[in-house]
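Below is structure.json, holding JSON, C-alpha atoms.
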```json
[["chain", "number", "residue", "atom", "x", "y", "z"],
["A", 53, "MET", "CA", 5.44, 14.24, 17.37],
["A", 54, "GLU", "CA", 6.74, 13.53, 20.86],
["A", 55, "ASN", "CA", 3.77, 15.03, 22.74],
["A", 56, "GLU", "CA", 1.11, 13.07, 20.84],
["A", 57, "LEU", "CA", 2.95, 9.77, 21.04],
["A", 58, "ASN", "CA", 3.77, 10.35, 24.68],
["A", 59, "GLN", "CA", 0.08, 10.85, 25.47],
["A", 60, "ARG", "CA", -1.31, 8.00, 23.40],
["A", 61, "GLY", "CA", 1.45, 5.56, 22.58],
["A", 62, "LYS", "CA", 0.92, 2.20, 24.25],
["A", 63, "GLY", "CA", 4.23, 0.51, 23.63],
["A", 64, "ARG", "CA", 3.91, 0.08, 19.84],
["A", 65, "ILE", "CA", 4.42, 2.44, 16.95],
["A", 66, "PHE", "CA", 3.35, 2.02, 13.33],
["A", 67, "ILE", "CA", 5.80, 3.36, 10.77],
["A", 68, "ARG", "CA", 5.04, 3.69, 7.07],
["A", 69, "ILE", "CA", 8.05, 4.10, 4.79],
["A", 70, "GLY", "CA", 7.72, 4.95, 1.10],
["A", 71, "GLN", "CA", 10.07, 6.23, -1.54],
["A", 72, "ARG", "CA", 9.28, 9.86, -0.73],
["A", 73, "HIS", "CA", 7.16, 9.71, 2.41],
["A", 74, "LEU", "CA", 7.59, 8.74, 6.05],
["A", 75, "SER", "CA", 4.92, 8.69, 8.73],
["A", 76, "PHE", "CA", 4.30, 7.53, 12.29],
["A", 77, "SER", "CA", 1.06, 6.33, 13.86],
["A", 78, "SER", "CA", 0.01, 5.16, 17.28],
["A", 79, "LEU", "CA", -3.12, 3.41, 18.47],
["A", 80, "ASP", "CA", -5.08, 3.88, 21.68],
["A", 81, "MET", "CA", -8.36, 1.95, 21.83],
["A", 82, "THR", "CA", -9.34, 3.76, 25.05],
["A", 83, "GLN", "CA", -10.08, 6.78, 22.83],
["A", 84, "PRO", "CA", -12.93, 5.45, 20.61],
["A", 85, "GLU", "CA", -13.63, 8.83, 18.99],
["A", 86, "SER", "CA", -10.06, 9.19, 17.73],
["A", 87, "PRO", "CA", -8.08, 6.01, 18.46],
["A", 88, "VAL", "CA", -5.31, 6.66, 15.92],
["A", 89, "THR", "CA", -2.72, 9.40, 15.91],
["A", 90, "TYR", "CA", -1.13, 9.94, 12.50],
["A", 91, "GLU", "CA", 1.91, 12.15, 12.03],
["A", 92, "PRO", "CA", 3.70, 12.51, 8.69],
["A", 93, "TYR", "CA", 7.37, 13.43, 8.85],
["A", 94, "VAL", "CA", 8.73, 16.03, 6.43],
["A", 95, "VAL", "CA", 11.38, 14.09, 4.52],
["A", 96, "LYS", "CA", 14.56, 16.03, 3.85],
["A", 97, "SER", "CA", 15.81, 15.81, 0.29],
["A", 98, "GLY", "CA", 19.48, 15.10, -0.31],
["A", 99, "ILE", "CA", 19.83, 12.52, 2.44],
["A", 100, "SER", "CA", 18.78, 8.87, 2.51],
["A", 101, "MET", "CA", 15.52, 7.60, 3.97],
["A", 102, "ALA", "CA", 17.59, 5.82, 6.62],
["A", 103, "ALA", "CA", 19.06, 9.15, 7.71],
["A", 104, "ASN", "CA", 15.61, 10.74, 7.73],
["A", 105, "LEU", "CA", 14.27, 7.91, 9.86],
["A", 106, "ARG", "CA", 17.19, 8.16, 12.28],
["A", 107, "GLU", "CA", 16.55, 11.88, 12.79],
["A", 108, "ALA", "CA", 12.81, 11.37, 13.19],
["A", 109, "LEU", "CA", 13.27, 8.67, 15.81],
["A", 110, "LYS", "CA", 15.70, 10.85, 17.76],
["A", 111, "SER", "CA", 13.22, 13.73, 17.89],
["A", 112, "ALA", "CA", 10.41, 11.41, 19.01],
["A", 113, "GLY", "CA", 12.29, 10.16, 22.07],
["A", 114, "LEU", "CA", 10.73, 6.72, 21.75],
["A", 115, "LYS", "CA", 13.10, 4.99, 24.14],
["A", 116, "GLN", "CA", 12.21, 7.45, 26.89],
["A", 117, "MET", "CA", 8.54, 6.62, 26.26],
["A", 118, "GLY", "CA", 9.21, 2.90, 26.53],
["A", 119, "ILE", "CA", 8.22, 2.15, 22.94],
["A", 120, "ILE", "CA", 10.12, -0.96, 21.88],
["A", 121, "LYS", "CA", 7.64, -2.48, 19.41],
["A", 122, "ALA", "CA", 7.18, -1.39, 15.81],
["A", 123, "LEU", "CA", 5.13, -2.56, 12.87],
["A", 124, "VAL", "CA", 6.71, -1.13, 9.74],
["A", 125, "LEU", "CA", 4.84, -0.91, 6.44],
["A", 126, "VAL", "CA", 7.20, -0.63, 3.48],
["A", 127, "ASP", "CA", 5.90, 0.76, 0.20],
["A", 128, "ALA", "CA", 8.36, -0.84, -2.23],
["A", 129, "PRO", "CA", 8.25, -2.88, -5.45],
["A", 130, "ILE", "CA", 6.86, -6.36, -4.77],
["A", 131, "LEU", "CA", 7.50, -9.73, -6.34],
["A", 132, "LEU", "CA", 4.55, -12.06, -5.81],
["A", 133, "THR", "CA", 5.22, -15.79, -5.75],
["A", 134, "PRO", "CA", 2.75, -18.68, -5.32],
["A", 135, "VAL", "CA", 3.28, -20.39, -1.96],
["A", 136, "GLU", "CA", 3.96, -23.74, -3.59],
["A", 137, "LEU", "CA", 6.77, -22.26, -5.72],
["A", 138, "PHE", "CA", 8.42, -20.09, -3.05],
["A", 139, "GLU", "CA", 11.97, -20.97, -1.98],
["A", 140, "GLU", "CA", 13.44, -18.77, 0.72],
["A", 141, "GLN", "CA", 17.00, -19.57, -0.37],
["A", 142, "LYS", "CA", 16.32, -18.25, -3.88],
["A", 143, "MET", "CA", 14.10, -15.27, -3.10],
["A", 144, "ALA", "CA", 16.88, -12.66, -3.09],
["A", 145, "GLU", "CA", 18.18, -13.86, -6.44],
["A", 146, "MET", "CA", 14.70, -13.80, -7.96],
["A", 147, "TYR", "CA", 13.92, -10.37, -6.54],
["A", 148, "ASN", "CA", 17.17, -8.82, -7.70],
["A", 149, "HIS", "CA", 16.62, -10.26, -11.16],
["A", 150, "SER", "CA", 13.19, -8.65, -11.30],
["A", 151, "PHE", "CA", 14.23, -5.36, -9.65],
["A", 152, "PRO", "CA", 17.94, -4.59, -10.20],
["A", 153, "ARG", "CA", 19.57, -3.20, -7.09],
["A", 154, "LYS", "CA", 20.16, 0.52, -6.70],
["A", 155, "GLU", "CA", 21.78, 0.20, -3.26],
["A", 156, "GLN", "CA", 22.62, -2.41, -0.67],
["A", 157, "GLU", "CA", 19.29, -3.98, 0.17],
["A", 158, "GLN", "CA", 17.93, -6.65, 2.44],
["A", 159, "VAL", "CA", 15.29, -8.82, 0.80],
["A", 160, "LEU", "CA", 12.33, -9.73, 3.02],
["A", 161, "TYR", "CA", 9.06, -11.55, 2.56],
["A", 162, "ASN", "CA", 5.53, -11.87, 3.94],
["A", 163, "VAL", "CA", 3.36, -14.94, 3.56],
["A", 164, "LEU", "CA", -0.20, -14.11, 2.48],
["A", 165, "PRO", "CA", -2.09, -17.21, 3.65],
["A", 166, "ASP", "CA", -5.52, -16.00, 2.48],
["A", 167, "LEU", "CA", -4.16, -15.67, -1.05],
["A", 168, "ASN", "CA", -1.74, -18.61, -1.18],
["A", 169, "ALA", "CA", 1.06, -16.22, -2.12],
["A", 170, "VAL", "CA", 4.29, -14.74, -0.78],
["A", 171, "ALA", "CA", 5.11, -11.05, -1.16],
["A", 172, "VAL", "CA", 8.85, -10.47, -1.59],
["A", 173, "PHE", "CA", 10.19, -6.92, -1.18],
["A", 174, "ALA", "CA", 13.34, -5.12, -0.04],
["A", 175, "VAL", "CA", 14.55, -2.38, 2.28],
["A", 176, "SER", "CA", 17.95, -0.76, 2.33],
["A", 177, "LYS", "CA", 20.37, -2.34, 4.78],
["A", 178, "ASP", "CA", 20.99, 1.03, 6.41],
["A", 179, "LEU", "CA", 17.26, 1.47, 6.98],
["A", 180, "HIS", "CA", 16.97, -2.00, 8.46],
["A", 181, "THR", "CA", 19.89, -1.25, 10.79],
["A", 182, "VAL", "CA", 18.18, 1.91, 12.06],
["A", 183, "LEU", "CA", 15.03, -0.06, 12.80],
["A", 184, "ASP", "CA", 16.94, -2.88, 14.52],
["A", 185, "ASP", "CA", 18.82, -0.36, 16.65],
["A", 186, "ASN", "CA", 15.62, 1.27, 17.91],
["A", 187, "PHE", "CA", 13.14, -1.59, 18.36],
["A", 188, "ALA", "CA", 13.51, -4.85, 20.23],
["A", 189, "ASP", "CA", 10.26, -6.18, 18.73],
["A", 190, "LEU", "CA", 10.15, -5.43, 15.02],
["A", 191, "SER", "CA", 7.81, -6.60, 12.25],
["A", 192, "ILE", "CA", 8.22, -5.42, 8.66],
["A", 193, "VAL", "CA", 5.45, -5.98, 6.11],
["A", 194, "ALA", "CA", 4.64, -4.90, 2.58],
["A", 195, "ALA", "CA", 2.35, -1.86, 2.71],
["A", 196, "LEU", "CA", -0.03, -3.46, 0.22],
["A", 197, "SER", "CA", -0.74, -6.44, 2.50],
["A", 198, "PRO", "CA", -3.77, -4.92, 4.30],
["A", 199, "VAL", "CA", -5.08, -3.55, 0.99],
["A", 200, "TRP", "CA", -4.96, -6.96, -0.67],
["A", 201, "ARG", "CA", -6.54, -8.64, 2.34],
["A", 202, "HIS", "CA", -9.45, -6.21, 2.43],
["A", 203, "LEU", "CA", -10.11, -6.05, -1.32],
["A", 204, "HIS", "CA", -9.83, -9.82, -1.64],
["A", 205, "ARG", "CA", -12.69, -10.21, 0.83],
["A", 206, "ARG", "CA", -14.58, -7.47, -0.98],
["A", 207, "SER", "CA", -14.21, -9.27, -4.30],
["A", 208, "PHE", "CA", -16.62, -11.97, -3.14],
["A", 209, "THR", "CA", -19.56, -9.54, -3.10],
["A", 210, "GLY", "CA", -21.69, -9.95, -6.21],
["A", 211, "ALA", "CA", -21.21, -12.21, -9.21],
["A", 212, "ARG", "CA", -19.13, -9.89, -11.40],
["A", 213, "ASN", "CA", -15.39, -10.08, -11.93],
["A", 214, "LYS", "CA", -13.55, -7.16, -10.36],
["A", 215, "LEU", "CA", -10.31, -5.46, -11.34],
["A", 216, "TYR", "CA", -8.66, -3.11, -8.85],
["A", 217, "GLY", "CA", -6.36, -0.17, -9.49],
["A", 218, "PHE", "CA", -4.55, 0.99, -6.35],
["A", 219, "PHE", "CA", -2.78, 4.39, -6.63],
["A", 220, "HIS", "CA", 0.07, 5.28, -4.29],
["A", 221, "GLU", "CA", 3.26, 7.37, -4.54],
["A", 222, "HIS", "CA", 2.96, 7.87, -8.33],
["A", 223, "ARG", "CA", 2.58, 4.14, -8.86],
["A", 224, "LEU", "CA", -0.39, 2.05, -9.88],
["A", 225, "ASP", "CA", -0.88, -1.54, -8.72],
["A", 226, "VAL", "CA", -3.41, -3.44, -10.82],
["A", 227, "PHE", "CA", -4.73, -6.76, -9.50],
["A", 228, "SER", "CA", -7.65, -9.14, -9.47],
["A", 229, "PHE", "CA", -8.53, -12.27, -7.55],
["A", 230, "GLN", "CA", -9.92, -15.66, -8.42],
["A", 231, "GLN", "CA", -11.19, -17.54, -5.36],
["A", 232, "ASN", "CA", -8.24, -17.67, -2.92],
["A", 233, "ARG", "CA", -5.53, -16.60, -5.35],
["A", 234, "PHE", "CA", -4.32, -13.69, -7.36],
["A", 235, "LYS", "CA", -5.54, -13.90, -10.93],
["A", 236, "PHE", "CA", -3.34, -10.96, -11.95],
["A", 237, "TYR", "CA", -0.90, -8.54, -10.35],
["A", 238, "ASN", "CA", 1.48, -5.95, -11.74],
["A", 239, "GLN", "CA", 2.80, -2.54, -10.79],
["A", 240, "PHE", "CA", 3.27, 0.42, -13.14],
["A", 241, "GLU", "CA", 4.77, 3.90, -12.92],
["A", 242, "ALA", "CA", 1.75, 6.14, -13.41],
["A", 243, "ALA", "CA", 2.28, 9.73, -12.31],
["A", 244, "ARG", "CA", -0.18, 10.98, -14.95],
["A", 245, "ALA", "CA", -3.75, 10.09, -15.79],
["A", 246, "HIS", "CA", -2.91, 9.22, -19.40],
["A", 247, "ASP", "CA", -0.46, 6.54, -18.22],
["A", 248, "ALA", "CA", -2.98, 5.09, -15.78],
["A", 249, "LEU", "CA", -5.66, 4.96, -18.47],
["A", 250, "TYR", "CA", -3.40, 3.02, -20.81],
["A", 251, "PHE", "CA", -2.32, 0.46, -18.19],
["A", 252, "LEU", "CA", -5.82, -0.14, -16.82],
["A", 253, "LEU", "CA", -7.37, -0.68, -20.24],
["A", 254, "TYR", "CA", -4.43, -2.83, -21.32],
["A", 255, "VAL", "CA", -4.85, -5.17, -18.34],
["A", 256, "TRP", "CA", -8.63, -5.20, -18.80],
["A", 257, "LYS", "CA", -8.17, -6.38, -22.38],
["A", 258, "GLN", "CA", -5.46, -8.87, -21.39],
["A", 259, "LEU", "CA", -7.80, -10.52, -18.86],
["A", 260, "LEU", "CA", -10.66, -10.65, -21.38],
["A", 261, "LEU", "CA", -13.01, -8.88, -18.99],
["A", 262, "SER", "CA", -16.48, -7.86, -20.13],
["A", 263, "THR", "CA", -16.95, -4.14, -20.81],
["A", 264, "GLU", "CA", -20.67, -4.40, -20.00],
["A", 265, "HIS", "CA", -20.68, -6.83, -17.09],
["A", 266, "ASP", "CA", -17.44, -6.68, -15.07],
["A", 267, "GLU", "CA", -16.24, -3.96, -12.69],
["A", 268, "LEU", "CA", -13.22, -1.68, -12.33],
["A", 269, "HIS", "CA", -12.56, -0.19, -8.88],
["A", 270, "LEU", "CA", -10.10, 2.66, -8.33],
["A", 271, "VAL", "CA", -8.69, 3.17, -4.85],
["A", 272, "GLY", "CA", -5.99, 5.15, -3.08],
["A", 273, "ASP", "CA", -4.36, 8.49, -3.83],
["A", 274, "LEU", "CA", -5.24, 9.24, -7.42],
["A", 275, "PHE", "CA", -2.37, 11.56, -8.35],
["A", 276, "THR", "CA", -1.85, 12.56, -4.74],
["A", 277, "ALA", "CA", -2.50, 16.25, -4.25],
["A", 278, "GLU", "CA", -5.28, 18.64, -3.39],
["A", 279, "SER", "CA", -5.22, 21.02, -6.34],
["A", 280, "SER", "CA", -7.56, 21.83, -9.20],
["A", 281, "SER", "CA", -5.13, 20.41, -11.77],
["A", 282, "VAL", "CA", -4.91, 17.08, -9.92],
["A", 283, "GLN", "CA", -8.68, 16.93, -9.42],
["A", 284, "ASN", "CA", -9.08, 17.56, -13.13],
["A", 285, "GLU", "CA", -6.76, 14.65, -13.89],
["A", 286, "GLN", "CA", -8.76, 12.39, -11.59],
["A", 287, "GLN", "CA", -12.03, 13.35, -13.22],
["A", 288, "TRP", "CA", -10.53, 13.02, -16.70],
["A", 289, "LEU", "CA", -9.35, 9.49, -15.91],
["A", 290, "VAL", "CA", -12.74, 8.40, -14.57],
["A", 291, "ASP", "CA", -14.57, 9.99, -17.50],
["A", 292, "GLU", "CA", -12.28, 8.34, -20.04],
["A", 293, "LEU", "CA", -12.56, 4.94, -18.41],
["A", 294, "ARG", "CA", -16.35, 5.23, -18.48],
["A", 295, "ARG", "CA", -16.19, 5.80, -22.23],
["A", 296, "TYR", "CA", -14.95, 2.22, -22.58],
["A", 297, "LEU", "CA", -16.20, 0.40, -19.48],
["A", 298, "GLN", "CA", -19.72, 0.40, -18.12],
["A", 299, "ASN", "CA", -18.93, -0.21, -14.43],
["A", 300, "VAL", "CA", -16.18, 2.09, -13.11],
["A", 301, "TYR", "CA", -16.16, 3.00, -9.42],
["A", 302, "VAL", "CA", -13.95, 5.14, -7.17],
["A", 303, "ILE", "CA", -13.81, 3.64, -3.67],
["A", 304, "ASN", "CA", -14.59, 6.23, -1.00],
["A", 305, "PRO", "CA", -12.70, 5.38, 2.23],
["A", 306, "SER", "CA", -15.40, 6.79, 4.53],
["A", 307, "ALA", "CA", -18.11, 4.62, 2.99],
["A", 308, "GLU", "CA", -15.74, 1.66, 2.55],
["A", 309, "PHE", "CA", -14.76, 1.60, 6.23],
["A", 310, "ASN", "CA", -18.18, 2.46, 7.65],
["A", 311, "ARG", "CA", -17.25, 6.04, 8.57],
["A", 312, "SER", "CA", -14.38, 4.92, 10.79],
["A", 313, "PRO", "CA", -12.60, 7.80, 12.57],
["A", 314, "VAL", "CA", -9.37, 6.99, 10.68],
["A", 315, "THR", "CA", -11.00, 8.01, 7.39],
["A", 316, "LYS", "CA", -11.25, 11.56, 8.73],
["A", 317, "ILE", "CA", -7.50, 11.87, 9.26],
["A", 318, "SER", "CA", -6.09, 14.17, 6.60],
["A", 319, "GLY", "CA", -3.40, 12.63, 4.44],
["A", 320, "MET", "CA", -3.59, 9.09, 5.82],
["A", 321, "PRO", "CA", -2.88, 6.55, 3.03],
["A", 322, "PHE", "CA", -5.51, 3.94, 2.22],
["A", 323, "ASP", "CA", -3.21, 1.09, 3.28],
["A", 324, "LEU", "CA", -2.98, 2.49, 6.82],
["A", 325, "MET", "CA", -6.75, 2.94, 6.94],
["A", 326, "ALA", "CA", -7.15, -0.68, 5.90],
["A", 327, "LEU", "CA", -4.63, -1.77, 8.53],
["A", 328, "PHE", "CA", -6.35, 0.05, 11.40],
["A", 329, "THR", "CA", -9.89, -0.94, 10.41],
["A", 330, "LYS", "CA", -9.45, -4.45, 8.97],
["A", 331, "GLY", "CA", -6.06, -5.67, 10.22],
["A", 332, "ARG", "CA", -3.08, -6.76, 8.17]]
```

Using the file provided, produce a representation of the structure as structure tokens.
Amino acid sequence: MENELNQRGKGRIFIRIGQRHLSFSSLDMTQPESPVTYEPYVVKSGISMAANLREALKSAGLKQMGIIKALVLVDAPILLTPVELFEEQKMAEMYNHSFPRKEQEQVLYNVLPDLNAVAVFAVSKDLHTVLDDNFADLSIVAALSPVWRHLHRRSFTGARNKLYGFFHEHRLDVFSFQQNRFKFYNQFEAARAHDALYFLLYVWKQLLLSTEHDELHLVGDLFTAESSSVQNEQQWLVDELRRYLQNVYVINPSAEFNRSPVTKISGMPFDLMALFTKGR
């Protein structure tokens, strides 16, 4: 990782932290054919994500490269709150009530001005300490922020209502928009296609969407692996959804982002593609 970042890092690093995955990216706009370097880090089981991050940052030698800025995308459970109802003093209490703590966590938030909402999420205190120790200029955002921003703008195309299912790290986020607000948002554990089918159809029915007129869009890592069994699950899910809904689409990143070079990077999550092509 050190050689690539040393060649192309320009003072800022992009770190994506999930429950099971950790990656580093850098951006160099002087290289238009391949402006983004993406390097996943092999997470060691049996030790915390904070310990994994500490080891990864040591091996990268970021301080020797002069990298002091970091934008960190955290893939964690999110509590969405309307802007007008958000109270910073109460956010930790509300979040911990919704997602009981498993460890010592620091509750953070991002304001989503385009959607009149606030995304509340948490990182472990040890992880936050590692980041603070390594970066003088640090921003931490919910990984879904660039996805929401992009798909919200996309939802204005055409007259049909749209429901989105975003797959990432064995979870499924289901959401829809109404003008400049969320109409619906929830997250489900969905490691298997049968679970995803149930949740998507349940939300569709709950929102009283039209099976003939409205649209369902699937995006992200549908069951995350390149194997025949996973591909079969993906196809089974799409086929089953089309038995009930007339307009089911799988968003192709290359077409979605106008064949941007980042869509050719193997293994890059959709949220990072959205970040580098559309901003956060």

(request) Can you work out which one of A:Glu157, A:Asp225, A:Asp127, A:Glu308 has the shortest atom-to-atom distance to A:Arg206, counting only C-alpha atoms? (result) A:Glu308

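Distance check against A:Phe219 using all atoms listed in the file: of A:Leu164, A:Ala243, A:Val170, A:Val88, the minimum falls on A:Ala243.
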
(request) One decimal, Å: what's the distance from atom CA of A:Ile67 over to atom CA of A:Ser312, could you say? (result)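 According to the coordinates, atom CA of A:Ile67 and atom CA of A:Ser312 are separated by 20.2 Å.
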
(request) Take atom CA of A:Leu268 and atom CA of A:Tyr237 and report the distance between them in Å, one decimal. (result)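 Separation of atom CA of A:Leu268 and atom CA of A:Tyr237: 14.2 Å.
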
(message) Just to confirm, what's the straight-line distance from atom CA of A:Tyr250 to atom CA of A:Ala128 in Å (one decimal)?
(response) 22.3 Å

(request) Write out as a PyMOL selection string which residues come within 6 Å of stretch 68-83 of chain A when counting only C-alpha atoms, dropping same-chain ones fewer than 5 positions away. (result) chain A and resi 60-61+88-93+124-127
